[in-house]
file target09.pdb (PDB, C-alpha atoms)
ATOM      1  CA  MET A   1      -8.125 -16.621  -2.740  1.00  0.00           C
ATOM      2  CA  ILE A   2      -9.904 -14.224  -0.397  1.00  0.00           C
ATOM      3  CA  HIS A   3      -8.162 -13.316   2.839  1.00  0.00           C
ATOM      4  CA  ILE A   4     -10.557 -12.461   5.667  1.00  0.00           C
ATOM      5  CA  ILE A   5      -9.174 -10.426   8.542  1.00  0.00           C
ATOM      6  CA  THR A   6     -11.332 -10.212  11.675  1.00  0.00           C
ATOM      7  CA  THR A   7     -11.252  -7.525  14.335  1.00  0.00           C
ATOM      8  CA  GLY A   8     -14.135  -8.543  16.627  1.00  0.00           C
ATOM      9  CA  GLY A   9     -17.302  -6.512  16.771  1.00  0.00           C
ATOM     10  CA  THR A  10     -21.001  -7.114  16.595  1.00  0.00           C
ATOM     11  CA  ILE A  11     -20.643  -9.320  13.506  1.00  0.00           C
ATOM     12  CA  GLU A  12     -18.823 -11.879  15.681  1.00  0.00           C
ATOM     13  CA  GLY A  13     -21.536 -11.781  18.343  1.00  0.00           C
ATOM     14  CA  LEU A  14     -19.593  -9.643  20.807  1.00  0.00           C
ATOM     15  CA  ASP A  15     -21.837  -7.532  23.009  1.00  0.00           C
ATOM     16  CA  TYR A  16     -19.772  -4.597  24.196  1.00  0.00           C
ATOM     17  CA  SER A  17     -22.461  -3.418  26.582  1.00  0.00           C
ATOM     18  CA  GLU A  18     -21.561  -6.381  28.814  1.00  0.00           C
ATOM     19  CA  LYS A  19     -19.267  -6.014  31.819  1.00  0.00           C
ATOM     20  CA  ASN A  20     -15.632  -6.897  30.948  1.00  0.00           C
ATOM     21  CA  SER A  21     -16.596  -6.672  27.296  1.00  0.00           C
ATOM     22  CA  GLN A  22     -13.057  -6.192  25.987  1.00  0.00           C
ATOM     23  CA  ASN A  23     -12.033  -9.651  27.256  1.00  0.00           C
ATOM     24  CA  GLN A  24     -14.767 -11.584  25.468  1.00  0.00           C
ATOM     25  CA  GLU A  25     -14.115 -14.411  23.067  1.00  0.00           C
ATOM     26  CA  SER A  26     -15.955 -14.335  19.761  1.00  0.00           C
ATOM     27  CA  LYS A  27     -19.287 -16.126  20.067  1.00  0.00           C
ATOM     28  CA  ILE A  28     -19.559 -16.675  16.319  1.00  0.00           C
ATOM     29  CA  SER A  29     -16.779 -17.541  13.983  1.00  0.00           C
ATOM     30  CA  ILE A  30     -16.755 -16.306  10.428  1.00  0.00           C
ATOM     31  CA  GLU A  31     -15.846 -19.890   9.564  1.00  0.00           C
ATOM     32  CA  ASN A  32     -19.262 -20.990  10.890  1.00  0.00           C
ATOM     33  CA  PHE A  33     -21.019 -18.564   8.537  1.00  0.00           C
ATOM     34  CA  PHE A  34     -19.113 -20.051   5.593  1.00  0.00           C
ATOM     35  CA  ARG A  35     -19.762 -23.650   6.680  1.00  0.00           C
ATOM     36  CA  SER A  36     -23.505 -23.034   7.002  1.00  0.00           C
ATOM     37  CA  ALA A  37     -23.532 -21.397   3.551  1.00  0.00           C
ATOM     38  CA  ASN A  38     -21.587 -24.308   1.998  1.00  0.00           C
ATOM     39  CA  VAL A  39     -19.259 -21.925   0.129  1.00  0.00           C
ATOM     40  CA  SER A  40     -16.955 -23.127  -2.634  1.00  0.00           C
ATOM     41  CA  PHE A  41     -14.464 -20.257  -2.929  1.00  0.00           C
ATOM     42  CA  SER A  42     -11.009 -20.532  -1.363  1.00  0.00           C
ATOM     43  CA  TYR A  43     -10.266 -18.347   1.627  1.00  0.00           C
ATOM     44  CA  THR A  44      -8.125 -17.887   4.695  1.00  0.00           C
ATOM     45  CA  ILE A  45      -9.212 -16.303   7.959  1.00  0.00           C
ATOM     46  CA  GLU A  46      -6.890 -14.376  10.233  1.00  0.00           C
ATOM     47  CA  SER A  47      -8.063 -13.040  13.586  1.00  0.00           C
ATOM     48  CA  VAL A  48      -6.051  -9.899  14.297  1.00  0.00           C
ATOM     49  CA  LEU A  49      -8.039  -7.966  16.911  1.00  0.00           C
ATOM     50  CA  ASN A  50     -10.891  -8.713  19.276  1.00  0.00           C
ATOM     51  CA  LYS A  51     -12.125  -5.204  19.979  1.00  0.00           C
ATOM     52  CA  ASP A  52     -15.106  -2.958  20.008  1.00  0.00           C
ATOM     53  CA  SER A  53     -14.374  -0.600  17.132  1.00  0.00           C
ATOM     54  CA  ARG A  54     -14.631   2.361  19.513  1.00  0.00           C
ATOM     55  CA  SER A  55     -11.387   1.039  21.051  1.00  0.00           C
ATOM     56  CA  ILE A  56      -9.509   0.611  17.769  1.00  0.00           C
ATOM     57  CA  THR A  57      -6.547   2.969  17.620  1.00  0.00           C
ATOM     58  CA  ASP A  58      -4.302   4.134  14.792  1.00  0.00           C
ATOM     59  CA  GLU A  59      -1.725   1.638  16.088  1.00  0.00           C
ATOM     60  CA  ASP A  60      -4.340  -1.106  15.580  1.00  0.00           C
ATOM     61  CA  ARG A  61      -5.077   0.248  12.105  1.00  0.00           C
ATOM     62  CA  GLN A  62      -1.381   0.102  11.277  1.00  0.00           C
ATOM     63  CA  LEU A  63      -1.315  -3.520  12.459  1.00  0.00           C
ATOM     64  CA  LEU A  64      -4.202  -4.231  10.039  1.00  0.00           C
ATOM     65  CA  VAL A  65      -2.273  -2.524   7.238  1.00  0.00           C
ATOM     66  CA  ASP A  66       0.791  -4.626   8.055  1.00  0.00           C
ATOM     67  CA  LYS A  67      -1.340  -7.790   7.828  1.00  0.00           C
ATOM     68  CA  ILE A  68      -2.839  -6.644   4.513  1.00  0.00           C
ATOM     69  CA  LYS A  69       0.625  -5.954   3.100  1.00  0.00           C
ATOM     70  CA  ALA A  70       1.942  -9.300   4.365  1.00  0.00           C
ATOM     71  CA  THR A  71      -0.660 -11.451   2.621  1.00  0.00           C
ATOM     72  CA  SER A  72      -0.192 -12.475  -0.985  1.00  0.00           C
ATOM     73  CA  ALA A  73      -3.969 -12.274  -1.463  1.00  0.00           C
ATOM     74  CA  GLU A  74      -5.166  -9.398  -3.635  1.00  0.00           C
ATOM     75  CA  LYS A  75      -8.713  -9.569  -2.244  1.00  0.00           C
ATOM     76  CA  ILE A  76      -9.267  -8.807   1.431  1.00  0.00           C
ATOM     77  CA  VAL A  77     -12.462  -8.728   3.508  1.00  0.00           C
ATOM     78  CA  LEU A  78     -12.011  -6.955   6.827  1.00  0.00           C
ATOM     79  CA  THR A  79     -14.695  -7.506   9.466  1.00  0.00           C
ATOM     80  CA  HIS A  80     -15.009  -4.432  11.649  1.00  0.00           C
ATOM     81  CA  GLY A  81     -17.349  -2.803  14.114  1.00  0.00           C
ATOM     82  CA  THR A  82     -19.505  -0.086  12.613  1.00  0.00           C
ATOM     83  CA  PHE A  83     -18.703   2.730  15.050  1.00  0.00           C
ATOM     84  CA  THR A  84     -15.281   3.485  13.521  1.00  0.00           C
ATOM     85  CA  MET A  85     -15.447   1.510  10.280  1.00  0.00           C
ATOM     86  CA  GLU A  86     -15.391   4.769   8.316  1.00  0.00           C
ATOM     87  CA  ASP A  87     -12.172   5.855  10.083  1.00  0.00           C
ATOM     88  CA  THR A  88     -10.412   2.570   9.335  1.00  0.00           C
ATOM     89  CA  ALA A  89     -11.536   2.669   5.696  1.00  0.00           C
ATOM     90  CA  LYS A  90     -10.032   6.157   5.334  1.00  0.00           C
ATOM     91  CA  TYR A  91      -6.824   5.162   7.098  1.00  0.00           C
ATOM     92  CA  ILE A  92      -6.295   2.212   4.765  1.00  0.00           C
ATOM     93  CA  GLY A  93      -7.652   3.982   1.679  1.00  0.00           C
ATOM     94  CA  ASN A  94      -5.139   6.804   1.953  1.00  0.00           C
ATOM     95  CA  LEU A  95      -2.291   4.286   1.569  1.00  0.00           C
ATOM     96  CA  ASN A  96      -3.122   3.113  -1.987  1.00  0.00           C
ATOM     97  CA  LEU A  97      -2.249  -0.529  -1.268  1.00  0.00           C
ATOM     98  CA  ASN A  98      -3.303  -1.756  -4.738  1.00  0.00           C
ATOM     99  CA  LYS A  99      -5.513  -4.507  -3.298  1.00  0.00           C
ATOM    100  CA  THR A 100      -9.291  -4.828  -3.204  1.00  0.00           C
ATOM    101  CA  ILE A 101     -10.261  -4.343   0.434  1.00  0.00           C
ATOM    102  CA  VAL A 102     -13.866  -4.468   1.629  1.00  0.00           C
ATOM    103  CA  LEU A 103     -14.789  -3.611   5.212  1.00  0.00           C
ATOM    104  CA  VAL A 104     -17.968  -5.172   6.587  1.00  0.00           C
ATOM    105  CA  GLY A 105     -19.797  -5.419   9.885  1.00  0.00           C
ATOM    106  CA  SER A 106     -23.288  -5.694  11.264  1.00  0.00           C
ATOM    107  CA  PHE A 107     -25.699  -3.458  13.111  1.00  0.00           C
ATOM    108  CA  VAL A 108     -27.476  -6.368  14.835  1.00  0.00           C
ATOM    109  CA  LEU A 109     -25.502  -8.702  17.098  1.00  0.00           C
ATOM    110  CA  GLY A 110     -24.349 -11.748  15.136  1.00  0.00           C
ATOM    111  CA  THR A 111     -25.861 -14.099  17.721  1.00  0.00           C
ATOM    112  CA  SER A 112     -29.310 -12.458  17.551  1.00  0.00           C
ATOM    113  CA  ASN A 113     -32.285 -13.584  15.523  1.00  0.00           C
ATOM    114  CA  GLY A 114     -32.695 -11.180  12.644  1.00  0.00           C
ATOM    115  CA  THR A 115     -29.005 -10.272  12.498  1.00  0.00           C
ATOM    116  CA  ASP A 116     -27.740  -8.667   9.311  1.00  0.00           C
ATOM    117  CA  ALA A 117     -24.316 -10.324   9.793  1.00  0.00           C
ATOM    118  CA  PRO A 118     -24.623 -13.264   7.337  1.00  0.00           C
ATOM    119  CA  PHE A 119     -26.175 -11.089   4.622  1.00  0.00           C
ATOM    120  CA  ASN A 120     -23.534  -8.382   4.993  1.00  0.00           C
ATOM    121  CA  LEU A 121     -20.697 -10.897   5.024  1.00  0.00           C
ATOM    122  CA  GLY A 122     -22.015 -12.638   1.912  1.00  0.00           C
ATOM    123  CA  TYR A 123     -22.476  -9.299   0.186  1.00  0.00           C
ATOM    124  CA  ALA A 124     -18.891  -8.298   1.034  1.00  0.00           C
ATOM    125  CA  ILE A 125     -17.529 -11.614  -0.249  1.00  0.00           C
ATOM    126  CA  CYS A 126     -19.408 -11.193  -3.519  1.00  0.00           C
ATOM    127  CA  SER A 127     -18.336  -7.553  -3.840  1.00  0.00           C
ATOM    128  CA  VAL A 128     -14.632  -8.146  -3.216  1.00  0.00           C
ATOM    129  CA  GLN A 129     -14.568 -10.546  -6.167  1.00  0.00           C
ATOM    130  CA  PHE A 130     -15.834  -7.935  -8.650  1.00  0.00           C
ATOM    131  CA  LEU A 131     -14.560  -4.568  -7.443  1.00  0.00           C
ATOM    132  CA  LYS A 132     -11.324  -3.011  -8.703  1.00  0.00           C
ATOM    133  CA  ALA A 133      -8.403  -2.506  -6.351  1.00  0.00           C
ATOM    134  CA  ASP A 134      -9.343   0.115  -3.738  1.00  0.00           C
ATOM    135  CA  VAL A 135     -11.017   0.307  -0.318  1.00  0.00           C
ATOM    136  CA  TYR A 136     -14.766  -0.017   0.186  1.00  0.00           C
ATOM    137  CA  VAL A 137     -17.411  -0.414   2.875  1.00  0.00           C
ATOM    138  CA  ALA A 138     -20.129  -3.006   2.153  1.00  0.00           C
ATOM    139  CA  MET A 139     -23.171  -2.690   4.380  1.00  0.00           C
ATOM    140  CA  ASN A 140     -26.786  -3.724   3.965  1.00  0.00           C
ATOM    141  CA  GLY A 141     -26.640  -4.210   0.210  1.00  0.00           C
ATOM    142  CA  THR A 142     -24.731  -1.048  -0.660  1.00  0.00           C
ATOM    143  CA  ILE A 143     -21.079  -0.481  -1.586  1.00  0.00           C
ATOM    144  CA  PHE A 144     -19.443   2.754  -0.491  1.00  0.00           C
ATOM    145  CA  HIS A 145     -16.057   4.024  -1.626  1.00  0.00           C
ATOM    146  CA  TRP A 146     -13.820   4.962   1.307  1.00  0.00           C
ATOM    147  CA  LYS A 147     -13.768   8.622   0.252  1.00  0.00           C
ATOM    148  CA  ASN A 148     -17.550   8.838   0.136  1.00  0.00           C
ATOM    149  CA  VAL A 149     -18.989   7.088   3.202  1.00  0.00           C
ATOM    150  CA  THR A 150     -20.338   8.213   6.534  1.00  0.00           C
ATOM    151  CA  LYS A 151     -22.351   6.569   9.273  1.00  0.00           C
ATOM    152  CA  ASN A 152     -25.577   8.375  10.066  1.00  0.00           C
ATOM    153  CA  LEU A 153     -25.955   7.948  13.823  1.00  0.00           C
ATOM    154  CA  GLU A 154     -29.624   8.967  13.727  1.00  0.00           C
ATOM    155  CA  THR A 155     -30.671   6.285  11.214  1.00  0.00           C
ATOM    156  CA  ASN A 156     -27.881   3.847  12.173  1.00  0.00           C
ATOM    157  CA  LYS A 157     -27.067   3.346   8.507  1.00  0.00           C
ATOM    158  CA  PHE A 158     -24.150   4.124   6.237  1.00  0.00           C
ATOM    159  CA  GLU A 159     -24.705   6.624   3.448  1.00  0.00           C
ATOM    160  CA  GLN A 160     -22.772   8.548   0.876  1.00  0.00           C
ATOM    161  CA  ARG A 161     -21.101  11.668   2.170  1.00  0.00           C
TER     162      ARG A 161
END

call {"tool": "encode", "arguments": {"input": "target09.pdb", "output": "structure tokens"}}
result
Amino acid sequence: MIHIITTGGTIEGLDYSEKNSQNQESKISIENFFRSANVSFSYTIESVLNKDSRSITDEDRQLLVDKIKATSAEKIVLTHGTFTMEDTAKYIGNLNLNKTIVLVGSFVLGTSNGTDAPFNLGYAICSVQFLKADVYVAMNGTIFHWKNVTKNLETNKFEQR
């Protein structure tokens, strides 16, 4: 069983440049990605936040940790905006939760043609099934350990620190 926790963000088609952006409803559900891919693995989806990652606080991160601790699943995929994904990975990674946790997002709005959202989500789902217990970031075909990841704002890509 894979437990998917969602926090909003570009991967769910939320455009935070819009007026009243924090009150948007997700335009894409992760469930729709799975239905269109005809997946056969068992999963649960829990929507915890609906925020631009720039608005995610340590209190929100603690709420995510509480949800991770509360689930019996050992494999967790956490959808997250890319702006502060690195910060959330570090926050969770420092706690040694003894679960495999993979954070994933997208750089291109999930509702846009050419979005990287379905690829990144599929890559994260595959990765969480094979990685050992720890915290990782899975973006654009690369896995990063939480201690060794940074977002390069110039290239808009994640890279090893």

call {"tool": "resolve_selection", "arguments": {"input": "target09.pdb", "expression": "the PyMOL selection byres ((chain A and resi 144) around 12)", "output": "number ranges by chain"}}
result
A: 85-86, 89-90, 101-104, 124, 127, 131, 134-143, 145-151, 157-161

call {"tool": "atom_distance", "arguments": {"input": "target09.pdb", "atom1": "CA of Asn38 (chain A)", "atom2": "CA of Lys69 (chain A)"}}
result
28.8 Å

call {"tool": "atom_distance", "arguments": {"input": "target09.pdb", "atom1": "CA of Ile5 (chain A)", "atom2": "CA of Cys126 (chain A)"}}
result
15.8 Å

call {"tool": "resolve_selection", "arguments": {"input": "target09.pdb", "expression": "the PyMOL selection byres ((chain A and resi 74) around 8)", "output": "tab-separated table (two decimals) with C-alpha atoms, keeping the file's coordinate frame"}}
result
chain	number	residue	atom	x	y	z
A	1	MET	CA	-8.12	-16.62	-2.74
A	2	ILE	CA	-9.90	-14.22	-0.40
A	71	THR	CA	-0.66	-11.45	2.62
A	72	SER	CA	-0.19	-12.48	-0.98
A	73	ALA	CA	-3.97	-12.27	-1.46
A	75	LYS	CA	-8.71	-9.57	-2.24
A	76	ILE	CA	-9.27	-8.81	1.43
A	98	ASN	CA	-3.30	-1.76	-4.74
A	99	LYS	CA	-5.51	-4.51	-3.30
A	100	THR	CA	-9.29	-4.83	-3.20

call {"tool": "residues_around", "arguments": {"input": "target09.pdb", "residues": "Asp58 (chain A)", "least_positions_apart": "4", "cutoff": "12 Å", "atoms": "all atoms listed in the file", "output": "PDB file with C-alpha atoms, keeping the file's coordinate frame"}}
result
ATOM      1  CA  SER A  53     -14.374  -0.600  17.132  1.00  0.00           C
ATOM      2  CA  ARG A  54     -14.631   2.361  19.513  1.00  0.00           C
ATOM      3  CA  GLN A  62      -1.381   0.102  11.277  1.00  0.00           C
ATOM      4  CA  LEU A  63      -1.315  -3.520  12.459  1.00  0.00           C
ATOM      5  CA  LEU A  64      -4.202  -4.231  10.039  1.00  0.00           C
ATOM      6  CA  VAL A  65      -2.273  -2.524   7.238  1.00  0.00           C
ATOM      7  CA  THR A  84     -15.281   3.485  13.521  1.00  0.00           C
ATOM      8  CA  ASP A  87     -12.172   5.855  10.083  1.00  0.00           C
ATOM      9  CA  THR A  88     -10.412   2.570   9.335  1.00  0.00           C
ATOM     10  CA  ALA A  89     -11.536   2.669   5.696  1.00  0.00           C
ATOM     11  CA  LYS A  90     -10.032   6.157   5.334  1.00  0.00           C
ATOM     12  CA  TYR A  91      -6.824   5.162   7.098  1.00  0.00           C
ATOM     13  CA  ILE A  92      -6.295   2.212   4.765  1.00  0.00           C
TER      14      ILE A  92
END

call {"tool": "closest_residue", "arguments": {"input": "target09.pdb", "among": "A:Ser36, A:Ile56, A:Thr79, A:His3", "to": "Ala117 (chain A)", "atoms": "only C-alpha atoms"}}
result
A:Thr79

call {"tool": "resolve_selection", "arguments": {"input": "target09.pdb", "expression": "the PyMOL selection byres ((chain A and resi 39-52) around 9)", "output": "PyMOL selection string"}}
result
chain A and resi 1-10+14-16+21-26+30-31+34-38+53-56+60+63-64+67+80-81+83

call {"tool": "closest_residue", "arguments": {"input": "target09.pdb", "among": "A:Ser106, A:Gln129, A:Asn96, A:Asn120", "to": "Thr82 (chain A)", "atoms": "only C-alpha atoms"}}
result
A:Ser106

call {"tool": "atom_distance", "arguments": {"input": "target09.pdb", "atom1": "CA of Asn152 (chain A)", "atom2": "CA of Tyr123 (chain A)"}}
result
20.5 Å

call {"tool": "axis_aligned_box", "arguments": {"input": "target09.pdb", "around": "region 27-40 of chain A", "padding_each_side": "4 Å", "output": "lines of an AutoDock Vina configuration file"}}
result
center_x = -19.7
center_y = -20.2
center_z = 8.7
size_x = 15.7
size_y = 16.2
size_z = 30.7

call {"tool": "closest_residue", "arguments": {"input": "target09.pdb", "among": "A:Glu154, A:Glu59, A:Glu12, A:Asp66", "to": "Gly105 (chain A)", "atoms": "all atoms listed in the file"}}
result
A:Glu12
